Structures are given as structure tokens and as C-alpha cells.
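Containing compact mmCIF, C-alpha atoms and all ligand atoms: my_file_30.txt.
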```txt
# COMPACT_ATOMS: atom_id res chain seq x y z
CA MET O 1 26.22 -3.41 -29.90
CA ARG O 2 26.68 -5.62 -26.89
CA GLN O 3 27.23 -2.54 -24.76
CA PHE O 4 24.05 -0.98 -26.15
CA LEU O 5 21.99 -4.12 -25.38
CA CYS O 6 23.42 -4.16 -21.89
CA TRP O 7 22.48 -0.49 -21.40
CA LEU O 8 19.00 -1.13 -22.80
CA GLY O 9 18.55 -4.09 -20.50
CA TRP O 10 19.50 -2.06 -17.44
CA SER O 11 17.29 0.82 -18.53
CA LEU O 12 14.32 -1.53 -18.69
CA VAL O 13 15.13 -3.04 -15.31
CA LEU O 14 15.56 0.40 -13.73
CA ALA O 15 12.35 1.65 -15.27
CA ALA O 16 10.48 -1.38 -13.95
CA VAL O 17 11.69 -0.99 -10.39
CA ALA O 18 11.56 2.78 -10.12
CA PRO O 19 7.97 4.00 -9.99
CA GLY O 20 7.87 7.60 -11.01
CA ALA O 21 10.82 7.22 -13.38
CA ASP O 22 10.40 8.38 -16.96
CA LEU O 23 9.15 5.27 -18.69
CA ALA O 24 9.68 6.57 -22.21
CA VAL O 25 12.41 3.94 -22.44
CA ALA O 26 10.01 1.12 -21.59
CA GLY O 27 7.22 2.59 -23.72
CA ARG O 28 3.62 3.31 -22.92
CA GLY O 29 1.36 0.50 -21.85
CA ARG O 30 -2.33 -0.27 -21.52
CA VAL O 31 -3.73 -1.86 -18.42
CA LYS O 32 -5.52 -5.18 -18.97
CA GLU O 33 -6.85 -5.96 -15.49
CA LEU O 34 -8.31 -3.18 -13.38
CA LYS O 35 -10.48 -3.07 -10.29
CA ILE O 36 -11.26 0.05 -8.26
CA THR O 37 -13.06 -0.31 -4.92
CA ILE O 38 -14.34 2.66 -2.89
CA LEU O 39 -13.23 2.63 0.76
CA SER O 40 -14.57 6.00 1.92
CA THR O 41 -17.45 8.14 0.70
CA MET O 42 -20.74 9.49 2.07
CA LEU O 43 -22.98 6.55 1.21
CA ALA O 44 -22.62 3.14 2.85
CA ASP O 45 -24.65 0.04 3.49
CA GLY O 46 -24.00 -3.29 5.21
CA ASP O 47 -21.32 -3.12 7.90
CA GLU O 48 -19.33 -0.30 6.32
CA LEU O 49 -19.21 3.31 7.52
CA GLY O 50 -20.00 6.42 5.47
CA GLU O 51 -18.34 9.83 6.00
CA TRP O 52 -17.67 13.09 4.15
CA GLY O 53 -14.41 11.83 2.68
CA PHE O 54 -12.90 9.75 -0.06
CA ALA O 55 -10.59 6.76 -0.52
CA ALA O 56 -10.35 3.91 -3.02
CA LEU O 57 -8.17 0.88 -3.64
CA VAL O 58 -6.79 0.53 -7.17
CA GLU O 59 -5.72 -2.92 -8.39
CA ALA O 60 -4.20 -2.77 -11.86
CA ASP O 61 -2.17 -5.52 -13.56
CA GLY O 62 -0.90 -6.73 -10.18
CA HIS O 63 -0.15 -3.26 -8.74
CA ARG O 64 -2.06 -2.29 -5.60
CA ILE O 65 -2.37 1.42 -4.81
CA LEU O 66 -4.37 3.25 -2.13
CA PHE O 67 -5.85 6.49 -3.50
CA ASP O 68 -6.66 8.86 -0.60
CA THR O 69 -7.31 7.81 3.00
CA GLY O 70 -10.72 9.15 4.06
CA ALA O 71 -11.58 11.84 6.61
CA ARG O 72 -11.73 10.18 10.01
CA THR O 73 -8.79 8.36 11.51
CA ASP O 74 -10.29 4.86 11.51
CA VAL O 75 -12.96 4.74 8.80
CA VAL O 76 -10.87 3.40 5.90
CA LEU O 77 -9.19 0.92 8.24
CA GLN O 78 -12.56 -0.37 9.47
CA ASN O 79 -14.07 -0.45 5.98
CA ALA O 80 -11.06 -2.34 4.61
CA GLN O 81 -11.40 -4.90 7.41
CA SER O 82 -15.12 -5.25 6.81
CA LEU O 83 -14.56 -5.69 3.06
CA LYS O 84 -11.70 -8.15 3.74
CA ILE O 85 -9.18 -5.98 1.91
CA ASP O 86 -5.60 -6.60 3.02
CA LEU O 87 -3.67 -3.32 3.12
CA THR O 88 -0.38 -4.97 4.11
CA THR O 89 0.10 -5.87 0.43
CA VAL O 90 -0.38 -2.27 -0.77
CA PRO O 91 3.01 -0.55 -1.06
CA GLU O 92 1.87 2.80 -2.47
CA VAL O 93 -0.42 5.66 -1.55
CA ILE O 94 -1.59 8.60 -3.63
CA LEU O 95 -2.87 11.66 -1.80
CA SER O 96 -5.02 13.66 -4.22
CA HIS O 97 -4.68 16.98 -2.32
CA TRP O 98 -4.15 18.43 1.14
CA HIS O 99 -7.76 18.62 2.40
CA ASN O 100 -8.60 16.83 5.66
CA ASP O 101 -11.30 14.63 4.12
CA HIS O 102 -8.66 12.86 1.98
CA ILE O 103 -5.73 12.54 4.36
CA GLY O 104 -7.49 11.86 7.71
CA GLY O 105 -6.67 8.15 7.87
CA PHE O 106 -3.16 8.43 6.40
CA LEU O 107 -0.93 7.98 9.48
CA ARG O 108 -3.25 5.55 11.24
CA LEU O 109 -3.29 3.33 8.15
CA ARG O 110 0.52 3.34 7.91
CA ASP O 111 0.74 2.52 11.63
CA SER O 112 -1.71 -0.35 11.22
CA VAL O 113 0.44 -2.18 8.65
CA ARG O 114 4.08 -1.35 9.32
CA ALA O 115 4.82 -3.86 12.11
CA LYS O 116 3.70 -6.73 9.87
CA ALA O 117 4.80 -5.20 6.56
CA PRO O 118 7.36 -2.37 6.84
CA THR O 119 7.09 -1.52 3.13
CA ALA O 120 3.28 -1.33 3.09
CA LEU O 121 1.84 2.17 2.48
CA ALA O 122 5.45 3.40 2.70
CA ARG O 123 5.69 5.35 -0.56
CA THR O 124 3.29 8.28 -1.01
CA HIS O 125 2.80 10.25 -4.20
CA VAL O 126 1.68 13.89 -4.06
CA ALA O 127 1.71 16.78 -6.51
CA GLU O 128 3.76 19.92 -6.01
CA GLY O 129 1.96 22.35 -3.73
CA MET O 130 0.94 19.69 -1.19
CA PHE O 131 3.18 21.12 1.53
CA LEU O 132 2.52 24.83 1.01
CA SER O 133 1.59 26.76 4.13
CA ARG O 134 -2.17 27.48 4.23
CA ARG O 135 -4.07 30.01 6.31
CA ALA O 136 -7.78 30.36 6.83
CA THR O 137 -9.11 33.91 6.71
CA PRO O 138 -9.56 34.58 9.63
CA PRO O 139 -8.12 33.37 12.10
CA HIS O 140 -4.90 33.16 10.06
CA VAL O 141 -3.48 30.03 11.70
CA GLU O 142 -1.73 27.22 9.83
CA ILE O 143 -4.35 24.75 8.61
CA ASN O 144 -2.42 22.44 6.26
CA PRO O 145 -2.28 19.13 8.21
CA MET O 146 0.35 17.77 5.79
CA LEU O 147 3.00 19.97 7.44
CA ARG O 148 2.39 18.11 10.69
CA LEU O 149 1.98 14.66 9.11
CA ARG O 150 5.12 14.83 6.98
CA PRO O 151 7.76 14.37 9.73
CA ASP O 152 5.60 11.80 11.54
CA TYR O 153 5.25 9.71 8.35
CA GLU O 154 8.93 10.01 7.51
CA LYS O 155 9.80 8.84 11.04
CA THR O 156 8.03 5.56 10.27
CA GLY O 157 10.27 5.09 7.19
CA GLY O 158 7.65 6.49 4.81
CA VAL O 159 8.80 8.42 1.74
CA PHE O 160 7.00 11.20 -0.16
CA VAL O 161 7.43 11.51 -3.92
CA SER O 162 6.34 14.93 -5.22
CA HIS O 163 5.39 15.29 -8.89
CA ALA O 164 5.68 18.52 -10.87
CA GLY O 165 4.03 17.09 -14.00
CA PRO O 166 2.40 13.98 -15.47
CA VAL O 167 4.13 10.71 -14.68
CA GLN O 168 3.61 7.08 -15.66
CA LEU O 169 3.95 5.06 -12.45
CA TYR O 170 3.65 1.72 -14.25
CA PRO O 171 2.71 0.92 -17.85
CA GLY O 172 -0.72 2.47 -18.39
CA ILE O 173 -1.03 3.87 -14.84
CA TRP O 174 -0.56 7.64 -14.78
CA LEU O 175 -0.68 10.54 -12.35
CA THR O 176 -1.67 13.94 -13.72
CA GLY O 177 0.61 15.98 -11.47
CA PRO O 178 -0.69 19.55 -11.05
CA VAL O 179 -3.41 20.18 -13.66
CA PRO O 180 -3.35 23.30 -15.88
CA ARG O 181 -6.52 25.34 -15.27
CA ARG O 182 -7.47 26.11 -18.85
CA HIS O 183 -11.18 26.48 -17.99
CA PRO O 184 -12.37 28.50 -14.96
CA GLU O 185 -14.02 25.54 -13.17
CA ARG O 186 -13.72 27.13 -9.75
CA ASN O 187 -15.00 24.70 -7.11
CA TRP O 188 -13.02 25.46 -3.96
CA SER O 189 -14.04 27.48 -0.91
CA GLY O 190 -12.03 30.65 -1.65
CA SER O 191 -11.53 31.25 2.07
CA VAL O 192 -8.03 29.79 2.27
CA SER O 193 -4.80 31.50 1.29
CA VAL O 194 -1.36 30.16 0.41
CA THR O 195 1.71 31.81 1.83
CA THR O 196 4.23 32.71 -0.88
CA PRO O 197 7.41 34.81 -0.77
CA ALA O 198 5.36 37.54 -2.53
CA GLY O 199 2.63 37.43 0.10
CA ALA O 200 -0.67 35.59 0.59
CA ILE O 201 -2.62 34.48 -2.51
CA GLU O 202 -5.86 32.51 -2.89
CA ASP O 203 -5.45 28.75 -2.52
CA THR O 204 -6.61 27.25 -5.82
CA VAL O 205 -5.52 23.79 -4.57
CA PRO O 206 -2.66 23.57 -7.10
CA ASP O 207 -1.75 20.16 -5.67
CA ASP O 208 -5.01 18.57 -6.87
CA MET O 209 -3.94 15.37 -8.71
CA SER O 210 -5.87 12.52 -10.32
CA LEU O 211 -5.01 8.96 -11.36
CA ILE O 212 -5.57 7.97 -14.97
CA VAL O 213 -5.56 4.37 -16.20
CA ASP O 214 -5.17 3.78 -19.93
CA THR O 215 -7.11 0.74 -21.17
CA GLU O 216 -8.11 -0.62 -24.59
CA GLN O 217 -11.66 0.57 -23.83
CA GLY O 218 -10.56 4.15 -23.06
CA LEU O 219 -9.30 6.19 -20.12
CA VAL O 220 -10.39 5.49 -16.55
CA VAL O 221 -10.17 8.66 -14.45
CA LEU O 222 -10.08 8.52 -10.63
CA THR O 223 -10.43 11.85 -8.82
CA GLY O 224 -10.39 12.86 -5.15
CA CYS O 225 -12.30 16.16 -5.06
CA GLY O 226 -11.52 17.20 -8.63
CA HIS O 227 -10.67 20.74 -7.51
CA ALA O 228 -8.71 21.29 -10.75
CA GLY O 229 -12.07 20.91 -12.52
CA VAL O 230 -13.19 17.63 -14.06
CA ILE O 231 -12.95 18.95 -17.61
CA ASN O 232 -9.49 20.41 -17.01
CA ILE O 233 -8.43 17.00 -15.66
CA VAL O 234 -9.94 15.06 -18.57
CA GLU O 235 -8.53 17.40 -21.23
CA HIS O 236 -5.09 17.32 -19.58
CA ALA O 237 -5.13 13.49 -19.51
CA ARG O 238 -6.23 13.32 -23.15
CA ASP O 239 -3.31 15.61 -24.03
CA PHE O 240 -0.53 13.71 -22.28
CA ILE O 241 -1.83 10.14 -22.75
CA ARG O 242 -4.08 10.01 -25.83
CA PRO O 243 -7.38 11.57 -26.93
CA ALA O 244 -9.49 8.54 -26.02
CA ARG O 245 -13.07 8.51 -24.69
CA LEU O 246 -13.68 8.10 -20.97
CA HIS O 247 -14.35 4.47 -20.20
CA ALA O 248 -15.06 5.41 -16.59
CA LEU O 249 -15.08 8.48 -14.38
CA ILE O 250 -14.89 7.57 -10.69
CA GLY O 251 -14.61 9.65 -7.51
CA GLY O 252 -15.47 13.16 -6.38
CA ILE O 253 -15.84 15.98 -8.91
CA HIS O 254 -17.16 18.64 -6.52
CA LEU O 255 -20.30 19.65 -8.38
CA PHE O 256 -22.77 19.15 -5.49
CA ASN O 257 -23.40 22.89 -5.25
CA ALA O 258 -22.67 23.83 -8.88
CA SER O 259 -24.91 26.21 -10.79
CA GLU O 260 -27.18 25.09 -13.63
CA THR O 261 -24.87 26.84 -16.07
CA SER O 262 -21.82 25.03 -14.80
CA LEU O 263 -23.57 21.62 -14.78
CA ALA O 264 -24.82 22.12 -18.34
CA TRP O 265 -21.35 23.20 -19.52
CA THR O 266 -19.66 20.20 -17.85
CA GLU O 267 -22.25 17.83 -19.28
CA ASP O 268 -21.70 19.16 -22.83
CA LYS O 269 -17.95 18.75 -22.52
CA LEU O 270 -18.28 15.17 -21.19
CA ARG O 271 -20.69 14.36 -24.01
CA SER O 272 -18.22 15.55 -26.61
CA VAL O 273 -15.45 13.38 -25.09
CA GLY O 274 -17.73 10.36 -24.65
CA ILE O 275 -18.28 8.53 -21.36
CA ASP O 276 -19.26 4.89 -20.73
CA ASN O 277 -19.43 4.66 -16.92
CA LEU O 278 -19.81 7.10 -14.02
CA ILE O 279 -19.45 6.47 -10.30
CA GLY O 280 -20.17 9.87 -8.75
CA ALA O 281 -18.88 9.60 -5.21
CA HIS O 282 -17.97 12.01 -2.40
CA CYS O 283 -18.52 15.66 -3.43
CA THR O 284 -19.97 14.95 -6.90
CA GLY O 285 -23.51 15.51 -5.65
CA ILE O 286 -26.43 13.09 -5.91
CA GLU O 287 -28.45 15.40 -8.13
CA THR O 288 -25.42 15.76 -10.44
CA VAL O 289 -25.13 11.98 -10.89
CA TYR O 290 -28.81 11.56 -11.87
CA ARG O 291 -28.72 14.56 -14.13
CA PHE O 292 -25.59 13.31 -15.91
CA ARG O 293 -27.08 9.81 -16.16
CA LYS O 294 -30.12 11.18 -17.95
CA ASN O 295 -28.43 13.78 -20.12
CA LEU O 296 -25.39 11.74 -21.13
CA GLY O 297 -27.44 8.76 -22.29
CA LEU O 298 -26.35 6.49 -19.44
CA ASP O 299 -28.57 4.12 -17.42
CA ARG O 300 -28.73 2.49 -13.97
CA ALA O 301 -26.03 0.00 -14.89
CA HIS O 302 -23.62 2.71 -16.08
CA ALA O 303 -24.09 5.71 -13.74
CA VAL O 304 -24.48 5.39 -9.96
CA VAL O 305 -23.89 7.27 -6.74
CA GLY O 306 -20.71 5.83 -5.26
CA ALA O 307 -21.06 3.77 -2.08
CA VAL O 308 -18.43 2.23 0.19
CA GLY O 309 -17.53 -1.20 -1.22
CA ALA O 310 -18.85 -0.29 -4.66
CA GLY O 311 -16.50 -0.17 -7.58
CA PHE O 312 -15.60 -0.75 -11.16
CA GLU O 313 -13.94 -3.70 -12.86
CA LEU O 314 -12.64 -3.70 -16.42
CA GLY O 315 -14.76 -6.07 -18.50
CA ARG O 316 -17.44 -6.33 -15.81
CA GLY O 317 -18.46 -2.71 -15.32
CA ILE O 318 -19.91 -1.14 -12.19
CA ASN O 319 -20.71 -3.03 -8.99
CA PRO O 320 -22.99 -0.53 -7.19
CA ARG O 321 -23.56 -2.59 -3.99
CA GLU O 322 -27.09 -2.64 -2.60
CA ILE O 323 -28.16 0.93 -1.77
CA ALA O 324 -27.07 2.51 -5.07
CA LYS O 325 -28.55 -0.10 -7.42
ZN ZN D 1 -13.08 16.15 -0.62
ZN ZN D 2 -11.01 18.96 -1.32
```
Go ahead and render the structure in this file as C-alpha cells.
Ligand SMILES: [Zn+2]
Ligand SMILES: [Zn+2]
Amino acid sequence: MRQFLCWLGWSLVLAAVAPGADLAVAGRGRVKELKITILSTMLADGDELGEWGFAALVEADGHRILFDTGARTDVVLQNAQSLKIDLTTVPEVILSHWHNDHIGGFLRLRDSVRAKAPTALARTHVAEGMFLSRRATPPHVEINPMLRLRPDYEKTGGVFVSHAGPVQLYPGIWLTGPVPRRHPERNWSGSVSVTTPAGAIEDTVPDDMSLIVDTEQGLVVLTGCGHAGVINIVEHARDFIRPARLHALIGGIHLFNASETSLAWTEDKLRSVGIDNLIGAHCTGIETVYRFRKNLGLDRAHAVVGAVGAGFELGRGINPREIAK
């Protein structure tokens, strides 16, 4: 018995200190305190900068995680400074997928913190497929910047953790891993191919990964570009966490150029799941946000276009900043 208690004790300790470990031993948790702040997207006001990119800071029950790093080298760094957000106390990064508009600030951000805080931004989560060789058609040259960034990041002491499936990083804080494509929500360019041993195949962005936070009020879903398809992501999360309603959907869901048919289909699916809050940032599309607001029974307080510095706080709802009010 004593031996068993000792084993159990160590299992709990190991689970607590090893993000990415299977936390079945420690059980599933719900997050009580959550704040998500956008650090890169198209819309900005005040002193912040807008760009075609995405990044957000996640603060959940004392854990601080950077989700994506924007498009341009310095934009997230400048926006964080302007918003007085200290990145030296953020140990972890999640890169949602390989596209330039999500990984542009990655190395510069790590460089900006490591002299003062060697462990800051030093552990980076990606989904399998992140480091596949990609070619544009034509001119058939390597275009995946992660292949270049990987050794440079590792030289700074940074570590990549690649996920093949869903994982609970901390109680109630989940990564989807690669998302099964049960519905054909195709929203990528189609002009990029992946090199495989069997030859070149279309890049469906298999590495597209989202962050899901489980709360008493429902699931909070944070996406980068949502290339897996927002409904595929939501259904996947409801399968591996629990079939709860969406308390908030935040980030890019790549519907800016979607057809009427596809918008209507997505809207119906979201309605059947139930959604309380929407911050449509990055590639969601402005028209999409207003359409969803109207057709999903939301209002100005519960559905906004995402702006830099805007965000969502559990118990308080959406802070839209000035321009998106
Ligand atoms: Zn994007
Ligand atoms: Zn993308």
C-alpha cells in the first residue's frame, strides 16, 4: 500500500512537471481563470500595429502560453511592449501551423527574452507535419520556413515538442494535435505540395493545431488559421474533451473568401453546438463576423472583429478595444 501511495505521489508530481505527458493519472481539469489577449491581427488602434498575421497570449490558471508569433519579425514584440505584456515570464509557445503569418516573429521573440530569461519561450509545441518539406508549384523551391528556423531555435536552447494526437498540457488546457478532416472544409490555397516518399501530394496543412480550454461555462477554442476547418476542430474537441457548447471561439477561421453555401453550412453547425462569444480575428473575414453575429443570435457585446489588444476573459467576456466596439 505504502509503495502504491509512493508511486501515485510520484506519478502526480511527474504529471505536474511534464507538460505534454498523459495526464490521465492526474485526471481532467477545468480552467477557472482565463484571459486571452490578441497580439497580432489585421485590425489595430492606439499605438499597436496591425498586420496579416496572428498571435495571442493565453493566461490560464497561472500558466502563460504564447499562441503563434505574427507575420513580421518585430510586430508581436512591439505590440507586447506597447500593451505592457512581459514575455520573459512566458515559458511556452504553440505554433498553430507552418505558414509565415504565424511564425514570422518566432526567433526574434526568443532572442528578445533569452538573455534575461533563458527558459522563456524555450519550449514550443507543434503538431506532426510541421517540418514536412513544402514546394510551391512552380517554382518548386523549398518554402517551409520551419526547416530553417528549427536548427536556429535549437541552438538557443529551445526545444520542439511534436504532437501526433490530442494532449492535455495542464488540467483543462488541451492541444488538438492534427485534426481529422471529417468534413471537406477546404480553406487552403491548393498551390503547395508536400514531399513524401511516394511523391508530391497536395498540402492540406496536416499540422494545423488549435488550443482548447475546458471551463465550467463550456469550451474556449483558439485557432490560428483554422485550416483543418472550424467545424472539424470543434467536433474533434467535443469528442476528446466533452460535448460542451462553445463558450468562446477566438482567432482565425479562414472564411474571408468562403462561399455563401459554406458560410451557411458553418453557421448551422455552430448553431447546433451553441456559441456564446466570437472574436473573429485574422483570416475569419469581417463580413463573416457580422453575418455570424446576426444569424447566431449574438450581439455587439458577444461577437466582434478581433483587434490587437482585444481579448476575452472568463467571467468578464469580450474586451473589444476601441475600434471594434
Ligand atoms: Zn494565417
Ligand atoms: Zn495559414
Contacts of Met209 in chain O at 9 Å or less, counting only C-alpha atoms, minus same-chain residues fewer than 2 places along, as a PDB file with C-alpha atoms, in the frame of the given file?
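Writing the result to around-v5.pdb gives the following:
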```pdb
ATOM      1  CA  ILE O  94      -1.590   8.600  -3.630  1.00  0.00           C
ATOM      2  CA  LEU O  95      -2.870  11.660  -1.800  1.00  0.00           C
ATOM      3  CA  SER O  96      -5.020  13.660  -4.220  1.00  0.00           C
ATOM      4  CA  HIS O  97      -4.680  16.980  -2.320  1.00  0.00           C
ATOM      5  CA  VAL O 126       1.680  13.890  -4.060  1.00  0.00           C
ATOM      6  CA  ALA O 127       1.710  16.780  -6.510  1.00  0.00           C
ATOM      7  CA  LEU O 175      -0.680  10.540 -12.350  1.00  0.00           C
ATOM      8  CA  THR O 176      -1.670  13.940 -13.720  1.00  0.00           C
ATOM      9  CA  GLY O 177       0.610  15.980 -11.470  1.00  0.00           C
ATOM     10  CA  PRO O 178      -0.690  19.550 -11.050  1.00  0.00           C
ATOM     11  CA  VAL O 179      -3.410  20.180 -13.660  1.00  0.00           C
ATOM     12  CA  PRO O 206      -2.660  23.570  -7.100  1.00  0.00           C
ATOM     13  CA  ASP O 207      -1.750  20.160  -5.670  1.00  0.00           C
ATOM     14  CA  LEU O 211      -5.010   8.960 -11.360  1.00  0.00           C
ATOM     15  CA  THR O 223     -10.430  11.850  -8.820  1.00  0.00           C
ATOM     16  CA  GLY O 224     -10.390  12.860  -5.150  1.00  0.00           C
ATOM     17  CA  GLY O 226     -11.520  17.200  -8.630  1.00  0.00           C
ATOM     18  CA  HIS O 227     -10.670  20.740  -7.510  1.00  0.00           C
ATOM     19  CA  ALA O 228      -8.710  21.290 -10.750  1.00  0.00           C
ATOM     20  CA  ILE O 233      -8.430  17.000 -15.660  1.00  0.00           C
TER      21      ILE O 233
END
```
For Ala120 in chain O, find every residue with an atom within 9 Å (counting only C-alpha atoms), except residues of its own chain fewer than 4 positions away, and show them as a PDB file with C-alpha atoms, keeping the file's coordinate frame.
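File produced: out_3.pdb:
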```
ATOM      1  CA  LEU O  87      -3.670  -3.320   3.120  1.00  0.00           C
ATOM      2  CA  THR O  88      -0.380  -4.970   4.110  1.00  0.00           C
ATOM      3  CA  THR O  89       0.100  -5.870   0.430  1.00  0.00           C
ATOM      4  CA  VAL O  90      -0.380  -2.270  -0.770  1.00  0.00           C
ATOM      5  CA  PRO O  91       3.010  -0.550  -1.060  1.00  0.00           C
ATOM      6  CA  GLU O  92       1.870   2.800  -2.470  1.00  0.00           C
ATOM      7  CA  ARG O 110       0.520   3.340   7.910  1.00  0.00           C
ATOM      8  CA  VAL O 113       0.440  -2.180   8.650  1.00  0.00           C
ATOM      9  CA  ARG O 114       4.080  -1.350   9.320  1.00  0.00           C
ATOM     10  CA  LYS O 116       3.700  -6.730   9.870  1.00  0.00           C
TER      11      LYS O 116
END
```
Inset, instruction - Would you mind listing what lies within 12 Å of Gln78 in chain O as a PyMOL selection string, with all atoms listed in the file counted and same-chain residues fewer than 5 positions away left out? - result: chain O and resi 39-40+47-50+69-70+72-73+83-87+105+108-109+112+308-309
Inset, instruction - Identify which of the residues O:His254, O:His183, O:His247, O:Arg134 lies closest to Ala200 in chain O, counting only C-alpha atoms when measuring atom-to-atom distances. - result: O:Arg134
Legend entry - Nearby polymer residues, ligand ZN 1 (chain D), at most 10 Å, all atoms listed in the file, as an NGL selection string: :O and (41 or 52-55 or 68 or 70-71 or 96-103 or 188 or 223-227 or 251-254 or 281-284)
Legend entry - Pick from O:Gly306, O:Gly229, O:Glu142, O:Lys32 nearest to ligand ZN 2 (chain D), counting only C-alpha atoms and all ligand atoms: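 Answer, going by the shortest atom-to-atom distance: O:Gly229.
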Legend entry - Option closest in space to Leu121 in chain O, from O:Pro171, O:Gly158, O:Gly315, O:Pro151 [counting only C-alpha atoms]: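 Under the stated criterion, the closest residue is O:Gly158.
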Inset, instruction - For each of O:Met42, O:Val221, O:Val205, O:Leu249, take the minimum atom-to-atom distance to ligand ZN 2 (chain D), counting only C-alpha atoms and all ligand atoms, then give the residue where this is smallest. - result: O:Val205
Inset, instruction - Could you jot down the CA of Val58 in chain O to CA of Ile173 in chain O separation for me, Å, one decimal place? - result: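 Here the two named atoms are 10.2 Å from each other.
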Inset, instruction - For each of O:Arg135, O:Lys294, O:His125, O:Arg242, take the minimum atom-to-atom distance to Ser210 in chain O, counting all atoms listed in the file, then give the residue where this is smallest. - result: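 The closest residue to Ser210 in chain O is O:His125.
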Legend entry - Separation of CA of Val93 in chain O from CA of Thr119 in chain O in Å: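 Here the two named atoms are 11.4 Å from each other.
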Inset, instruction - Measuring atom to atom with only C-alpha atoms, identify which of O:Leu278, O:Ile143, O:Val289, O:Ala115 is nearest to Ala301 in chain O. - result: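 When distances to Ala301 in chain O are compared using only C-alpha atoms, the smallest one comes from O:Leu278.
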All file atoms of range 60-79 of chain O boxed axis-aligned, 6 Å per side, centre plus edges, as JSON:
```
{"center_x": -7.1, "center_y": 2.6, "center_z": -1.0, "size_x": 25.9, "size_y": 30.6, "size_z": 37.1}
```
Legend entry - Å distance separating CA of Val273 in chain O from CA of Pro184 in chain O, one decimal place: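 Computing the Euclidean distance for CA of Val273 in chain O and CA of Pro184 in chain O yields 18.5 Å.
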Legend entry - Near-Lys269 in chain O list (12 Å; all atoms listed in the file; drop same-chain fewer than 6 positions) as a VMD selection string: chain O and resid 183 229 to 235 245 to 246 262 to 263 275 292 295 to 296
Inset, instruction - Write out as a PyMOL selection string each polymer residue whose atoms come within 12 Å of Arg293 in chain O, counting only C-alpha atoms; drop sequence neighbours fewer than 4 positions from it. - result: chain O and resi 267+270-271+275-280+286-289+297-305
File of the preceding selection, C-alpha atoms, as a PDB file, in the frame of the given file:
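This went into out19.pdb:
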```pdb
ATOM      1  CA  GLU O 267     -22.250  17.830 -19.280  1.00  0.00           C
ATOM      2  CA  LEU O 270     -18.280  15.170 -21.190  1.00  0.00           C
ATOM      3  CA  ARG O 271     -20.690  14.360 -24.010  1.00  0.00           C
ATOM      4  CA  ILE O 275     -18.280   8.530 -21.360  1.00  0.00           C
ATOM      5  CA  ASP O 276     -19.260   4.890 -20.730  1.00  0.00           C
ATOM      6  CA  ASN O 277     -19.430   4.660 -16.920  1.00  0.00           C
ATOM      7  CA  LEU O 278     -19.810   7.100 -14.020  1.00  0.00           C
ATOM      8  CA  ILE O 279     -19.450   6.470 -10.300  1.00  0.00           C
ATOM      9  CA  GLY O 280     -20.170   9.870  -8.750  1.00  0.00           C
ATOM     10  CA  ILE O 286     -26.430  13.090  -5.910  1.00  0.00           C
ATOM     11  CA  GLU O 287     -28.450  15.400  -8.130  1.00  0.00           C
ATOM     12  CA  THR O 288     -25.420  15.760 -10.440  1.00  0.00           C
ATOM     13  CA  VAL O 289     -25.130  11.980 -10.890  1.00  0.00           C
ATOM     14  CA  GLY O 297     -27.440   8.760 -22.290  1.00  0.00           C
ATOM     15  CA  LEU O 298     -26.350   6.490 -19.440  1.00  0.00           C
ATOM     16  CA  ASP O 299     -28.570   4.120 -17.420  1.00  0.00           C
ATOM     17  CA  ARG O 300     -28.730   2.490 -13.970  1.00  0.00           C
ATOM     18  CA  ALA O 301     -26.030   0.000 -14.890  1.00  0.00           C
ATOM     19  CA  HIS O 302     -23.620   2.710 -16.080  1.00  0.00           C
ATOM     20  CA  ALA O 303     -24.090   5.710 -13.740  1.00  0.00           C
ATOM     21  CA  VAL O 304     -24.480   5.390  -9.960  1.00  0.00           C
ATOM     22  CA  VAL O 305     -23.890   7.270  -6.740  1.00  0.00           C
TER      23      VAL O 305
END
```
